[in-house]
Each structure stands twice: as C-alpha cells, then as structure tokens.
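Colleague: Here you go, structure-v1.pdb (PDB, C-alpha atoms and all ligand atoms):
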ATOM      1  CA  MET A   3       0.433 -16.262  10.804  1.00  0.00           C
ATOM      2  CA  PRO A   4      -2.593 -14.939  12.759  1.00  0.00           C
ATOM      3  CA  HIS A   5      -3.756 -11.307  12.640  1.00  0.00           C
ATOM      4  CA  THR A   6      -1.145  -8.859  13.932  1.00  0.00           C
ATOM      5  CA  VAL A   7      -2.235  -5.797  15.915  1.00  0.00           C
ATOM      6  CA  LEU A   8       0.067  -2.897  15.000  1.00  0.00           C
ATOM      7  CA  TYR A   9      -1.684  -0.361  17.229  1.00  0.00           C
ATOM      8  CA  LYS A  10      -4.561  -0.388  19.685  1.00  0.00           C
ATOM      9  CA  ASP A  11      -6.146   2.109  22.054  1.00  0.00           C
ATOM     10  CA  GLU A  12      -9.684   2.545  23.377  1.00  0.00           C
ATOM     11  CA  THR A  13     -11.197   3.607  20.077  1.00  0.00           C
ATOM     12  CA  HIS A  14      -8.547   2.911  17.445  1.00  0.00           C
ATOM     13  CA  ARG A  15      -7.064  -0.280  16.042  1.00  0.00           C
ATOM     14  CA  ASN A  16      -4.659  -1.106  13.217  1.00  0.00           C
ATOM     15  CA  VAL A  17      -4.617  -4.752  12.227  1.00  0.00           C
ATOM     16  CA  LEU A  18      -2.541  -6.626   9.664  1.00  0.00           C
ATOM     17  CA  LEU A  19      -4.710  -9.515   8.544  1.00  0.00           C
ATOM     18  CA  GLU A  20      -3.522 -13.092   8.520  1.00  0.00           C
ATOM     19  CA  ASP A  21      -1.535 -13.892   5.382  1.00  0.00           C
ATOM     20  CA  PHE A  22      -3.978 -15.528   2.948  1.00  0.00           C
ATOM     21  CA  GLY A  23      -1.398 -15.762   0.179  1.00  0.00           C
ATOM     22  CA  LEU A  24      -2.076 -18.929  -1.739  1.00  0.00           C
ATOM     23  CA  GLY A  25       1.475 -19.385  -2.919  1.00  0.00           C
ATOM     24  CA  GLY A  26       2.251 -20.429  -6.471  1.00  0.00           C
ATOM     25  CA  LEU A  27       2.878 -17.592  -8.886  1.00  0.00           C
ATOM     26  CA  ALA A  28       0.869 -14.930  -7.007  1.00  0.00           C
ATOM     27  CA  VAL A  29       2.915 -12.350  -5.140  1.00  0.00           C
ATOM     28  CA  GLN A  30       2.527 -12.289  -1.346  1.00  0.00           C
ATOM     29  CA  ALA A  31       0.398  -9.327  -0.292  1.00  0.00           C
ATOM     30  CA  ASN A  32      -0.494  -7.676   3.025  1.00  0.00           C
ATOM     31  CA  GLN A  33      -4.019  -6.515   3.817  1.00  0.00           C
ATOM     32  CA  HIS A  34      -4.400  -3.901   6.537  1.00  0.00           C
ATOM     33  CA  VAL A  35      -7.532  -2.794   8.400  1.00  0.00           C
ATOM     34  CA  ILE A  36      -7.925   0.448  10.375  1.00  0.00           C
ATOM     35  CA  ALA A  37     -10.865   0.720  12.782  1.00  0.00           C
ATOM     36  CA  HIS A  38     -11.923   3.833  14.676  1.00  0.00           C
ATOM     37  CA  GLY A  39     -15.025   3.529  16.810  1.00  0.00           C
ATOM     38  CA  SER A  40     -17.801   2.271  14.574  1.00  0.00           C
ATOM     39  CA  ALA A  41     -16.036   2.799  11.231  1.00  0.00           C
ATOM     40  CA  GLY A  42     -13.313   0.983   9.326  1.00  0.00           C
ATOM     41  CA  MET A  43     -11.030   1.105   6.306  1.00  0.00           C
ATOM     42  CA  ILE A  44      -9.499  -1.785   4.364  1.00  0.00           C
ATOM     43  CA  LEU A  45      -6.298  -0.958   2.478  1.00  0.00           C
ATOM     44  CA  ASP A  46      -5.468  -2.671  -0.801  1.00  0.00           C
ATOM     45  CA  PRO A  47      -7.883  -5.601  -0.345  1.00  0.00           C
ATOM     46  CA  GLY A  48      -6.439  -7.716  -3.170  1.00  0.00           C
ATOM     47  CA  GLY A  49      -7.720  -9.956  -5.938  1.00  0.00           C
ATOM     48  CA  HIS A  50     -10.206 -12.783  -6.378  1.00  0.00           C
ATOM     49  CA  LYS A  51      -8.068 -15.571  -4.960  1.00  0.00           C
ATOM     50  CA  VAL A  52      -8.103 -14.006  -1.484  1.00  0.00           C
ATOM     51  CA  TYR A  53     -11.366 -12.045  -1.724  1.00  0.00           C
ATOM     52  CA  SER A  54     -13.694 -14.213   0.377  1.00  0.00           C
ATOM     53  CA  LYS A  55     -11.088 -14.815   3.090  1.00  0.00           C
ATOM     54  CA  VAL A  56     -10.039 -11.161   3.328  1.00  0.00           C
ATOM     55  CA  LEU A  57     -13.687 -10.038   3.396  1.00  0.00           C
ATOM     56  CA  ALA A  58     -14.539 -12.489   6.208  1.00  0.00           C
ATOM     57  CA  ALA A  59     -11.423 -11.533   8.175  1.00  0.00           C
ATOM     58  CA  THR A  60     -12.138  -7.810   7.736  1.00  0.00           C
ATOM     59  CA  MET A  61     -15.707  -8.203   8.991  1.00  0.00           C
ATOM     60  CA  SER A  62     -14.540 -10.238  11.974  1.00  0.00           C
ATOM     61  CA  VAL A  63     -11.878  -7.639  12.867  1.00  0.00           C
ATOM     62  CA  LEU A  64     -14.460  -4.839  12.522  1.00  0.00           C
ATOM     63  CA  GLY A  65     -17.027  -6.682  14.625  1.00  0.00           C
ATOM     64  CA  GLY A  66     -20.115  -4.469  14.721  1.00  0.00           C
ATOM     65  CA  SER A  67     -18.342  -1.588  12.987  1.00  0.00           C
ATOM     66  CA  ASN A  68     -19.070  -0.567   9.422  1.00  0.00           C
ATOM     67  CA  LEU A  69     -16.597  -0.682   6.575  1.00  0.00           C
ATOM     68  CA  ARG A  70     -16.567   2.987   5.518  1.00  0.00           C
ATOM     69  CA  TYR A  71     -13.602   3.110   3.105  1.00  0.00           C
ATOM     70  CA  ILE A  72     -11.800   0.855   0.662  1.00  0.00           C
ATOM     71  CA  PHE A  73      -8.416   2.443  -0.089  1.00  0.00           C
ATOM     72  CA  LEU A  74      -6.708   1.486  -3.349  1.00  0.00           C
ATOM     73  CA  SER A  75      -3.100   2.699  -3.461  1.00  0.00           C
ATOM     74  CA  HIS A  76      -2.825   2.179  -7.205  1.00  0.00           C
ATOM     75  CA  GLN A  77      -4.185   0.204 -10.150  1.00  0.00           C
ATOM     76  CA  ASP A  78      -2.489  -3.180  -9.897  1.00  0.00           C
ATOM     77  CA  PRO A  79      -4.560  -6.403  -9.852  1.00  0.00           C
ATOM     78  CA  ASP A  80      -3.204  -7.530  -6.457  1.00  0.00           C
ATOM     79  CA  ILE A  81      -4.929  -4.416  -5.085  1.00  0.00           C
ATOM     80  CA  VAL A  82      -7.960  -3.684  -7.223  1.00  0.00           C
ATOM     81  CA  ALA A  83      -9.117  -6.886  -8.935  1.00  0.00           C
ATOM     82  CA  ALA A  84     -11.876  -7.803  -6.443  1.00  0.00           C
ATOM     83  CA  VAL A  85     -13.186  -4.295  -5.789  1.00  0.00           C
ATOM     84  CA  ASN A  86     -16.570  -5.057  -7.361  1.00  0.00           C
ATOM     85  CA  GLY A  87     -17.232  -7.725  -4.718  1.00  0.00           C
ATOM     86  CA  TRP A  88     -16.217  -5.352  -1.941  1.00  0.00           C
ATOM     87  CA  LEU A  89     -18.569  -2.656  -3.235  1.00  0.00           C
ATOM     88  CA  LEU A  90     -21.457  -5.115  -3.682  1.00  0.00           C
ATOM     89  CA  THR A  91     -21.171  -6.667  -0.215  1.00  0.00           C
ATOM     90  CA  THR A  92     -20.478  -3.506   1.826  1.00  0.00           C
ATOM     91  CA  ASP A  93     -21.632   0.126   1.912  1.00  0.00           C
ATOM     92  CA  ALA A  94     -18.058   1.431   1.694  1.00  0.00           C
ATOM     93  CA  ASP A  95     -16.734   3.975  -0.789  1.00  0.00           C
ATOM     94  CA  ALA A  96     -13.594   2.961  -2.695  1.00  0.00           C
ATOM     95  CA  TYR A  97     -10.909   5.609  -3.335  1.00  0.00           C
ATOM     96  CA  ILE A  98      -8.310   5.446  -6.095  1.00  0.00           C
ATOM     97  CA  SER A  99      -6.262   7.989  -8.059  1.00  0.00           C
ATOM     98  CA  LYS A 100      -8.424   9.962 -10.494  1.00  0.00           C
ATOM     99  CA  ILE A 101      -6.220   8.748 -13.345  1.00  0.00           C
ATOM    100  CA  TRP A 102      -7.242   5.102 -12.748  1.00  0.00           C
ATOM    101  CA  VAL A 103     -11.003   5.519 -12.239  1.00  0.00           C
ATOM    102  CA  ARG A 104     -11.765   4.755 -15.891  1.00  0.00           C
ATOM    103  CA  PHE A 105      -9.516   1.679 -15.950  1.00  0.00           C
ATOM    104  CA  VAL A 106     -10.812  -0.118 -12.847  1.00  0.00           C
ATOM    105  CA  PRO A 107     -14.197  -0.953 -14.481  1.00  0.00           C
ATOM    106  CA  HIS A 108     -12.287  -3.305 -16.811  1.00  0.00           C
ATOM    107  CA  PHE A 109     -11.949  -5.644 -13.813  1.00  0.00           C
ATOM    108  CA  GLY A 110     -15.763  -5.770 -13.877  1.00  0.00           C
ATOM    109  CA  LEU A 111     -17.734  -3.139 -12.001  1.00  0.00           C
ATOM    110  CA  ASP A 112     -21.479  -3.373 -11.490  1.00  0.00           C
ATOM    111  CA  HIS A 113     -23.453  -0.286 -12.599  1.00  0.00           C
ATOM    112  CA  LEU A 114     -25.179  -0.247  -9.209  1.00  0.00           C
ATOM    113  CA  VAL A 115     -21.888   0.417  -7.388  1.00  0.00           C
ATOM    114  CA  GLU A 116     -19.971   2.457  -9.985  1.00  0.00           C
ATOM    115  CA  HIS A 117     -20.777   5.758  -8.260  1.00  0.00           C
ATOM    116  CA  ARG A 118     -19.035   4.541  -5.080  1.00  0.00           C
ATOM    117  CA  LEU A 119     -15.647   4.388  -6.814  1.00  0.00           C
ATOM    118  CA  LYS A 120     -14.282   7.847  -5.915  1.00  0.00           C
ATOM    119  CA  PRO A 121     -11.359   9.739  -7.482  1.00  0.00           C
ATOM    120  CA  ILE A 122      -8.425  10.982  -5.383  1.00  0.00           C
ATOM    121  CA  PRO A 123      -7.012  14.263  -6.781  1.00  0.00           C
ATOM    122  CA  ASP A 124      -3.278  14.341  -7.573  1.00  0.00           C
ATOM    123  CA  GLU A 125      -2.509  16.416  -4.469  1.00  0.00           C
ATOM    124  CA  GLY A 126      -4.123  13.861  -2.134  1.00  0.00           C
ATOM    125  CA  MET A 127      -6.787  14.461   0.508  1.00  0.00           C
ATOM    126  CA  VAL A 128      -7.774  13.787   4.095  1.00  0.00           C
ATOM    127  CA  LEU A 129     -10.350  11.079   4.821  1.00  0.00           C
ATOM    128  CA  ASP A 130     -12.286  11.275   8.074  1.00  0.00           C
ATOM    129  CA  LEU A 131     -12.698   7.872   9.684  1.00  0.00           C
ATOM    130  CA  ASN A 132     -15.374   8.589  12.250  1.00  0.00           C
ATOM    131  CA  GLY A 133     -13.285  11.481  13.645  1.00  0.00           C
ATOM    132  CA  ALA A 134      -9.811  10.035  13.005  1.00  0.00           C
ATOM    133  CA  PRO A 135      -7.982  11.820  10.176  1.00  0.00           C
ATOM    134  CA  LEU A 136      -6.319   9.592   7.573  1.00  0.00           C
ATOM    135  CA  LEU A 137      -3.924  11.490   5.317  1.00  0.00           C
ATOM    136  CA  VAL A 138      -3.947  10.301   1.722  1.00  0.00           C
ATOM    137  CA  LEU A 139      -0.453  11.288   0.590  1.00  0.00           C
ATOM    138  CA  PRO A 140       0.725  11.602  -3.019  1.00  0.00           C
ATOM    139  CA  ALA A 141       3.403   9.035  -3.900  1.00  0.00           C
ATOM    140  CA  HIS A 142       3.102   9.142  -7.676  1.00  0.00           C
ATOM    141  CA  PHE A 143       5.509   6.983  -9.691  1.00  0.00           C
ATOM    142  CA  LEU A 144       6.277   4.968  -6.522  1.00  0.00           C
ATOM    143  CA  HIS A 145       5.345   2.950  -8.376  1.00  0.00           C
ATOM    144  CA  GLY A 146       1.971   3.608 -10.069  1.00  0.00           C
ATOM    145  CA  ALA A 147       1.721   6.796 -12.137  1.00  0.00           C
ATOM    146  CA  GLY A 148      -1.207   7.715  -9.882  1.00  0.00           C
ATOM    147  CA  ASN A 149      -0.172   6.348  -6.478  1.00  0.00           C
ATOM    148  CA  PHE A 150      -1.153   7.183  -2.909  1.00  0.00           C
ATOM    149  CA  GLN A 151      -0.210   6.168   0.615  1.00  0.00           C
ATOM    150  CA  VAL A 152      -2.134   6.508   3.885  1.00  0.00           C
ATOM    151  CA  TYR A 153      -0.687   8.106   7.008  1.00  0.00           C
ATOM    152  CA  ASP A 154      -2.638   7.410  10.175  1.00  0.00           C
ATOM    153  CA  SER A 155      -1.677  10.130  12.677  1.00  0.00           C
ATOM    154  CA  THR A 156      -3.408   8.333  15.574  1.00  0.00           C
ATOM    155  CA  ALA A 157      -1.270   5.214  15.228  1.00  0.00           C
ATOM    156  CA  LYS A 158       1.691   7.031  13.601  1.00  0.00           C
ATOM    157  CA  ILE A 159       1.710   4.383  10.883  1.00  0.00           C
ATOM    158  CA  LEU A 160       2.544   5.131   7.250  1.00  0.00           C
ATOM    159  CA  TYR A 161       0.993   2.583   4.878  1.00  0.00           C
ATOM    160  CA  SER A 162       3.468   2.840   2.040  1.00  0.00           C
ATOM    161  CA  GLY A 163       1.942   0.538  -0.591  1.00  0.00           C
ATOM    162  CA  ASP A 164       4.586  -0.950  -2.876  1.00  0.00           C
ATOM    163  CA  LEU A 165       7.274   1.390  -1.552  1.00  0.00           C
ATOM    164  CA  GLY A 166       9.298  -0.565   0.996  1.00  0.00           C
ATOM    165  CA  ALA A 167       7.937  -3.851  -0.339  1.00  0.00           C
ATOM    166  CA  SER A 168      10.076  -6.944   0.110  1.00  0.00           C
ATOM    167  CA  LEU A 169       9.710 -10.399  -1.354  1.00  0.00           C
ATOM    168  CA  GLY A 170      10.906 -13.845  -0.361  1.00  0.00           C
ATOM    169  CA  MET A 171      11.776 -13.587   3.320  1.00  0.00           C
ATOM    170  CA  HIS A 172       9.810 -15.066   6.220  1.00  0.00           C
ATOM    171  CA  TYR A 173       9.890 -12.487   8.985  1.00  0.00           C
ATOM    172  CA  LEU A 174       7.313  -9.842   9.857  1.00  0.00           C
ATOM    173  CA  TYR A 175       9.579  -7.057  11.158  1.00  0.00           C
ATOM    174  CA  VAL A 176      12.868  -5.897   9.642  1.00  0.00           C
ATOM    175  CA  GLU A 177      15.556  -6.439  12.305  1.00  0.00           C
ATOM    176  CA  ASP A 178      18.740  -6.121  10.237  1.00  0.00           C
ATOM    177  CA  PHE A 179      18.364  -3.431   7.566  1.00  0.00           C
ATOM    178  CA  GLU A 180      21.516  -4.373   5.641  1.00  0.00           C
ATOM    179  CA  ALA A 181      20.525  -8.052   5.508  1.00  0.00           C
ATOM    180  CA  HIS A 182      17.016  -7.030   4.411  1.00  0.00           C
ATOM    181  CA  LEU A 183      18.255  -5.208   1.307  1.00  0.00           C
ATOM    182  CA  GLU A 184      18.560  -8.384  -0.743  1.00  0.00           C
ATOM    183  CA  TYR A 185      14.766  -8.841  -0.463  1.00  0.00           C
ATOM    184  CA  MET A 186      13.846  -5.316  -1.523  1.00  0.00           C
ATOM    185  CA  GLU A 187      16.606  -3.782  -3.630  1.00  0.00           C
ATOM    186  CA  GLY A 188      15.904  -5.502  -6.965  1.00  0.00           C
ATOM    187  CA  PHE A 189      12.167  -4.820  -6.680  1.00  0.00           C
ATOM    188  CA  HIS A 190      12.736  -1.117  -6.056  1.00  0.00           C
ATOM    189  CA  GLN A 191      15.343  -0.740  -8.784  1.00  0.00           C
ATOM    190  CA  ARG A 192      12.889  -2.114 -11.349  1.00  0.00           C
ATOM    191  CA  TYR A 193       9.460  -0.966 -10.122  1.00  0.00           C
ATOM    192  CA  MET A 194      10.142   2.492  -8.661  1.00  0.00           C
ATOM    193  CA  ALA A 195      10.294   5.233 -11.269  1.00  0.00           C
ATOM    194  CA  SER A 196      13.244   7.416 -10.281  1.00  0.00           C
ATOM    195  CA  ASN A 197      15.481   8.756  -7.553  1.00  0.00           C
ATOM    196  CA  LYS A 198      13.871  12.174  -8.067  1.00  0.00           C
ATOM    197  CA  ALA A 199      10.460  10.778  -7.073  1.00  0.00           C
ATOM    198  CA  LEU A 200      11.984   8.988  -4.059  1.00  0.00           C
ATOM    199  CA  ARG A 201      13.695  12.143  -2.824  1.00  0.00           C
ATOM    200  CA  ALA A 202      10.537  14.250  -3.189  1.00  0.00           C
ATOM    201  CA  TRP A 203       8.608  11.593  -1.276  1.00  0.00           C
ATOM    202  CA  ALA A 204      11.188  11.320   1.523  1.00  0.00           C
ATOM    203  CA  ASN A 205      11.225  15.096   1.859  1.00  0.00           C
ATOM    204  CA  MET A 206       7.424  15.100   2.278  1.00  0.00           C
ATOM    205  CA  VAL A 207       7.188  12.265   4.818  1.00  0.00           C
ATOM    206  CA  ARG A 208      10.086  13.541   6.950  1.00  0.00           C
ATOM    207  CA  GLY A 209       7.574  16.145   8.140  1.00  0.00           C
ATOM    208  CA  LEU A 210       5.425  13.403   9.695  1.00  0.00           C
ATOM    209  CA  ASP A 211       5.792  11.642  13.043  1.00  0.00           C
ATOM    210  CA  ILE A 212       6.214   8.030  11.858  1.00  0.00           C
ATOM    211  CA  GLU A 213       6.683   5.018  14.153  1.00  0.00           C
ATOM    212  CA  VAL A 214       5.911   2.310  11.609  1.00  0.00           C
ATOM    213  CA  ILE A 215       6.152   1.961   7.827  1.00  0.00           C
ATOM    214  CA  ALA A 216       3.897  -0.856   6.653  1.00  0.00           C
ATOM    215  CA  PRO A 217       4.273  -1.864   2.982  1.00  0.00           C
ATOM    216  CA  GLN A 218       1.797  -3.879   0.927  1.00  0.00           C
ATOM    217  CA  HIS A 219       4.252  -6.772   0.450  1.00  0.00           C
ATOM    218  CA  GLY A 220       6.675  -8.273   2.949  1.00  0.00           C
ATOM    219  CA  ALA A 221       8.150  -6.987   6.185  1.00  0.00           C
ATOM    220  CA  ILE A 222       7.391  -3.938   8.336  1.00  0.00           C
ATOM    221  CA  PHE A 223       9.801  -1.176   9.428  1.00  0.00           C
ATOM    222  CA  LYS A 224       9.223  -0.448  13.109  1.00  0.00           C
ATOM    223  CA  GLY A 225      10.725   2.278  15.288  1.00  0.00           C
ATOM    224  CA  LYS A 226      12.123   5.713  14.454  1.00  0.00           C
ATOM    225  CA  ASP A 227      15.640   4.389  13.737  1.00  0.00           C
ATOM    226  CA  MET A 228      14.420   1.826  11.213  1.00  0.00           C
ATOM    227  CA  VAL A 229      12.086   4.384   9.591  1.00  0.00           C
ATOM    228  CA  GLU A 230      15.024   6.788   9.277  1.00  0.00           C
ATOM    229  CA  ARG A 231      17.251   4.110   7.743  1.00  0.00           C
ATOM    230  CA  PHE A 232      14.593   3.343   5.167  1.00  0.00           C
ATOM    231  CA  LEU A 233      14.169   7.033   4.242  1.00  0.00           C
ATOM    232  CA  ASP A 234      17.947   7.462   3.925  1.00  0.00           C
ATOM    233  CA  TRP A 235      18.128   4.396   1.701  1.00  0.00           C
ATOM    234  CA  CYS A 236      15.315   5.686  -0.535  1.00  0.00           C
ATOM    235  CA  GLU A 237      17.046   9.045  -0.959  1.00  0.00           C
ATOM    236  CA  GLN A 238      20.184   7.503  -2.397  1.00  0.00           C
ATOM    237  CA  LEU A 239      18.620   4.717  -4.480  1.00  0.00           C
ATOM    238  CA  GLN A 240      19.071   4.828  -8.241  1.00  0.00           C
ATOM    239  CA  CYS A 241      16.091   3.130  -9.858  1.00  0.00           C
ATOM    240  CA  GLY A 242      13.686   3.078 -12.792  1.00  0.00           C
ATOM    241  CA  VAL A 243      14.594   5.659 -15.439  1.00  0.00           C
ATOM    242  CA  ASP A 244      17.930   6.307 -13.661  1.00  0.00           C
ATOM    243  CA  LEU A 245      19.031   2.843 -14.826  1.00  0.00           C
ATOM    244  CA  ILE A 246      17.188   2.550 -18.115  1.00  0.00           C
ATOM    245  CA  THR A 247      19.843   3.558 -20.677  1.00  0.00           C
ATOM    246  CA  GLU A 248      21.815   0.308 -20.380  1.00  0.00           C
ATOM    247  CA  LEU A 249      18.672  -1.780 -20.814  1.00  0.00           C
ATOM    248  CA  PHE A 250      17.562  -0.264 -24.103  1.00  0.00           C
ATOM    249  CA  LYS A 251      19.319  -2.388 -26.674  1.00  0.00           C
ATOM    250  CA  VAL A 252      17.755  -4.182 -29.627  1.00  0.00           C
ATOM    251  CA  PRO A 253      17.410  -7.826 -28.552  1.00  0.00           C
ATOM    252  CA  THR A 254      19.076 -10.556 -30.588  1.00  0.00           C
ATOM    253  CA  ALA A 255      17.708 -14.058 -31.179  1.00  0.00           C
ATOM    254  CA  GLN A 256      18.803 -16.698 -28.658  1.00  0.00           C
ATOM    255  CA  GLU A 257      20.933 -19.533 -30.094  1.00  0.00           C
TER     256      GLU A 257
HETATM  257 FE    FE B 301       1.980  -2.513  -7.623  1.00  0.00          FE
END
Could you show the structure in this file as structure tokens?

Modeller:
Amino acid sequence: MPHTVLYKDETHRNVLLEDFGLGGLAVQANQHVIAHGSAGMILDPGGHKVYSKVLAATMSVLGGSNLRYIFLSHQDPDIVAAVNGWLLTTDADAYISKIWVRFVPHFGLDHLVEHRLKPIPDEGMVLDLNGAPLLVLPAHFLHGAGNFQVYDSTAKILYSGDLGASLGMHYLYVEDFEAHLEYMEGFHQRYMASNKALRAWANMVRGLDIEVIAPQHGAIFKGKDMVERFLDWCEQLQCGVDLITELFKVPTAQE
C-alpha cells in the first residue's frame, strides 16, 4: 500500500505512510504525518523494526520541511521504542504524557536529546505547527493511563491512537460498520479501561467538527455518519473494569 493522502490544501497535508509492518508477531501499526508549510509532525512513529523506513518516508513526505514535533499518544513500544533515533536524527521535540516521561528513557535515551522529550499535562495542550493549531486532547485510560489524541482542525481529522483500532482485516476505510465490529470489539473490550472513560471522551469530541477518525492500528472511519456511528458504539461499550469481575478467579492447573 503506497502513502495515502487524507487531506491536502495549499499549505497543509495529512499523509498516512505506506504500511511498513513486517508481519510475524508484531502488531500492524499506522504512522501518520501532518505537514503545514515548512513544519511537520510525525504521530506514533513506532519501534526499531520500522524505524529506518518510517524515518525515510517521513523525510520524503516532508520534502524541504522540518520535522518540528514527534507526538507519542502513550507509552507502548509500538509507539515509543525508537524515539531516541528520531531525536538524534532530527531537531524535533517529542511530546508524551507527563506520567510517562520517566519511563521512556528505559528504551534508551541519549543524554544529549533528553531535554527534547517534553511532558504533556493531564488536561492536554495546543501545539502550533507553523500556524496550524493541533489540539492535544486528553484520552486517559483509552487505553494508556496517560493517553492523548491529536485533533487537526484544518483537516478535521481526529487521530485517535489505540481507540478505534482494528486488527486483522485488509481494507483501509470502514465501509460496513457492523461487519467491522469483529475486528475491533475484542480489542476494545480488553484494552480500553471502562465505559465511563469512553462516555467522557465521546462527550468531549462531540464538540469538534470531525470528518475522519484515524486510529493507530487498522482501518479509518471517514465521513460524519461513520464518525457518529463510532461515537455511538463507544458510548454503549462495556469494557475493561466493567467486565473484570468474571475474570478474577484463582487459576487451576491444566490437566
Ligand atoms: Fe497501545
């Protein structure tokens, strides 16, 4: 699959990079680039297996523009593991929840670049990409305990991280929501923390003008109807601690 342009105007571009997933045990992951004029952001760049390919693809998409931001939605290795390389080879600042800043260095972080790993406060923030505002929205417990999403008001795209993720299908856009559930329901039931968190999140993002929801794994929700269906589904989903009581039983030895 080549790069996919999700939005483009004279100064602004949103590009989903070619899928560099190497198969095997590693989960498929999407890497997104936002460019505005001479500045760019990479979202959730990924781990070591894809690092050199994602870096080369990002630079080619950015052309002469500078990578200004590395956005890290949460602490997982498929997002953070290669951040040291990104900081060493670019001038970008990396942003991650303040509660993960002291854990990321365990992936290996050079002292020379440590100061460019920046904390995001719990309430989120607005990053300025060369004049284009990028809203860093709180989405804690969906699924990381310190978890953020990016809303790009120019492109009307919500980058939802692991929320909305789907695994195992081979299409880029969700066409049939009901048929899509089998690829995302189990993941959300186990990885997302609770219905309460989902409802608070849906209530927040309903205030935004969203054309596209782009998760970090799997297919994209495009168009207001599909976005609405996804929000409705989130609001009713029982997941995480809602389902935990049944699971907590002392295990017995297998015969
Ligand atoms: Fe994750």

Colleague: Have a look at CA of Leu144 (chain A) and CA of Met194 (chain A) and let me know their distance in Å, one decimal.

Modeller: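 If I compute the distance from CA of Leu144 (chain A) to CA of Met194 (chain A), I get 5.1 Å.
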
Colleague: So what do you get for CA of Asp164 (chain A) versus CA of Asp211 (chain A), distance-wise?

Modeller: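 According to the coordinates, CA of Asp164 (chain A) and CA of Asp211 (chain A) are separated by 20.3 Å.
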
Colleague: CA of Glu184 (chain A) and CA of Ala167 (chain A) are how many Å apart?

Modeller: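 Between CA of Glu184 (chain A) and CA of Ala167 (chain A) the gap works out to 11.6 Å.
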
Colleague: Considering only C-alpha atoms, can you say which of A:Val103, A:Val229, A:Ala202, A:Ala37 comes closest to Phe143 (chain A)?

Modeller: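 Nearest to Phe143 (chain A): A:Ala202.
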
Colleague: Please write as a list in words the full residue list that the PyMOL selection byres (((not hetatm)) within 7 of (chain B and resi 301)) yields on this file.

Modeller: His76, Asp78, His145, Gly146 and Asp164 of chain A

Colleague: For the structure shown, which residues end up in the PyMOL selection byres (((chain A and resi 195) around 10) and not hetatm)? Put them as a list in words, please?

Modeller: His142, Phe143, Leu144, His145, Gly146, Ala147, His190, Gln191, Arg192, Tyr193, Met194, Ser196, Asn197, Lys198, Ala199, Leu200, Gln240, Cys241, Gly242, Val243, Asp244 and Leu245 of chain A

Colleague: Quick one: write out the picked residues with C-alpha atoms as a JSON list (two decimals), keeping the file's coordinate frame?

Modeller:
[["chain", "number", "residue", "atom", "x", "y", "z"],
["A", 142, "HIS", "CA", 3.10, 9.14, -7.68],
["A", 143, "PHE", "CA", 5.51, 6.98, -9.69],
["A", 144, "LEU", "CA", 6.28, 4.97, -6.52],
["A", 145, "HIS", "CA", 5.34, 2.95, -8.38],
["A", 146, "GLY", "CA", 1.97, 3.61, -10.07],
["A", 147, "ALA", "CA", 1.72, 6.80, -12.14],
["A", 190, "HIS", "CA", 12.74, -1.12, -6.06],
["A", 191, "GLN", "CA", 15.34, -0.74, -8.78],
["A", 192, "ARG", "CA", 12.89, -2.11, -11.35],
["A", 193, "TYR", "CA", 9.46, -0.97, -10.12],
["A", 194, "MET", "CA", 10.14, 2.49, -8.66],
["A", 196, "SER", "CA", 13.24, 7.42, -10.28],
["A", 197, "ASN", "CA", 15.48, 8.76, -7.55],
["A", 198, "LYS", "CA", 13.87, 12.17, -8.07],
["A", 199, "ALA", "CA", 10.46, 10.78, -7.07],
["A", 200, "LEU", "CA", 11.98, 8.99, -4.06],
["A", 240, "GLN", "CA", 19.07, 4.83, -8.24],
["A", 241, "CYS", "CA", 16.09, 3.13, -9.86],
["A", 242, "GLY", "CA", 13.69, 3.08, -12.79],
["A", 243, "VAL", "CA", 14.59, 5.66, -15.44],
["A", 244, "ASP", "CA", 17.93, 6.31, -13.66],
["A", 245, "LEU", "CA", 19.03, 2.84, -14.83]]

Colleague: Nearest to Leu136 (chain A): which of A:Leu45, A:Val115, A:Leu183, A:Cys236 is it, counting all atoms listed in the file?

Modeller: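 Looking only at the distances to Leu136 (chain A), the closest residue turns out to be A:Leu45.
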
Colleague: Extract, using all atoms listed in the file, all DNA, RNA and protein residues at most 9 Å from Ala96 (chain A), discarding same-chain residues fewer than 5 positions from it, and format them as a list of chain:residue names.

Modeller: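 That gives A:Arg70, A:Tyr71, A:Ile72, A:Phe73, A:Leu74, A:Val85, A:Trp88, A:Leu89, A:Arg118, A:Leu119, A:Lys120, A:Pro121.
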
Colleague: Starting from the shown file, work through the PyMOL selection byres (((chain A and resi 171) around 9) and not hetatm) and note down what comes out as a ChimeraX atom specification.

Modeller: /A:168-170,172-174,182,185,220-221

Colleague: I'd like the contact shell of Ile81 (chain A) - 10 Å cut-off, all atoms listed in the file, skipping same-chain residues fewer than 2 positions apart - returned as a list in words.

Modeller: Ala31, Asn32, Gln33, Leu45, Asp46, Pro47, Gly48, Gly49, His50, Phe73, Leu74, Ser75, His76, Gln77, Asp78, Pro79, Ala83, Ala84, Val85, Gly163 and Gln218 of chain A

Colleague: Residues as selected, C-alpha atoms, written as a CSV table (one decimal), in the frame of the given file, can you do that?

Modeller:
chain,number,residue,atom,x,y,z
A,31,ALA,CA,0.4,-9.3,-0.3
A,32,ASN,CA,-0.5,-7.7,3.0
A,33,GLN,CA,-4.0,-6.5,3.8
A,45,LEU,CA,-6.3,-1.0,2.5
A,46,ASP,CA,-5.5,-2.7,-0.8
A,47,PRO,CA,-7.9,-5.6,-0.3
A,48,GLY,CA,-6.4,-7.7,-3.2
A,49,GLY,CA,-7.7,-10.0,-5.9
A,50,HIS,CA,-10.2,-12.8,-6.4
A,73,PHE,CA,-8.4,2.4,-0.1
A,74,LEU,CA,-6.7,1.5,-3.3
A,75,SER,CA,-3.1,2.7,-3.5
A,76,HIS,CA,-2.8,2.2,-7.2
A,77,GLN,CA,-4.2,0.2,-10.2
A,78,ASP,CA,-2.5,-3.2,-9.9
A,79,PRO,CA,-4.6,-6.4,-9.9
A,83,ALA,CA,-9.1,-6.9,-8.9
A,84,ALA,CA,-11.9,-7.8,-6.4
A,85,VAL,CA,-13.2,-4.3,-5.8
A,163,GLY,CA,1.9,0.5,-0.6
A,218,GLN,CA,1.8,-3.9,0.9

Colleague: Near Ala134 (chain A), counting only C-alpha atoms, which residues have an atom at most 8 Å away, once you skip same-chain residues fewer than 3 positions from it, shown as JSON, numbers by chain?

Modeller: {"A": [38, 130, 131, 156]}

Colleague: Compile the contact shell of Pro123 (chain A) as a ChimeraX atom specification: residues with an atom at most 10 Å away, counting all atoms listed in the file, same-chain residues fewer than 4 positions apart removed.

Modeller: /A:98-101,127,138,140,148,150

Colleague: For a quick check of understanding, using all atoms listed in the file, which of A:Thr91, A:Thr254, A:Ser162, A:Asn132 has the smallest distance to Val214 (chain A)?

Modeller: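 When distances to Val214 (chain A) are compared using all atoms listed in the file, the smallest one comes from A:Ser162.
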
Colleague: Could you check which of A:Ala204, A:Ala58, A:Leu27, A:Trp102 is closest to Ile44 (chain A), using only C-alpha atoms?

Modeller: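 So, comparing all the options, the nearest one is A:Ala58.
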
Colleague: Using all atoms listed in the file, which residue out of A:Glu248, A:His14, A:Trp235, A:Leu8 lies closest to Ile215 (chain A)?

Modeller: A:Leu8

Colleague: Name the residues in contact with Arg231 (chain A) at a cut-off of 12 Å, using all atoms listed in the file, excluding same-chain residues fewer than 5 positions from it; report them as JSON, numbers by chain.

Modeller: {"A": [166, 176, 177, 178, 179, 180, 182, 183, 204, 208, 215, 223, 224, 225, 226, 236, 237, 238]}
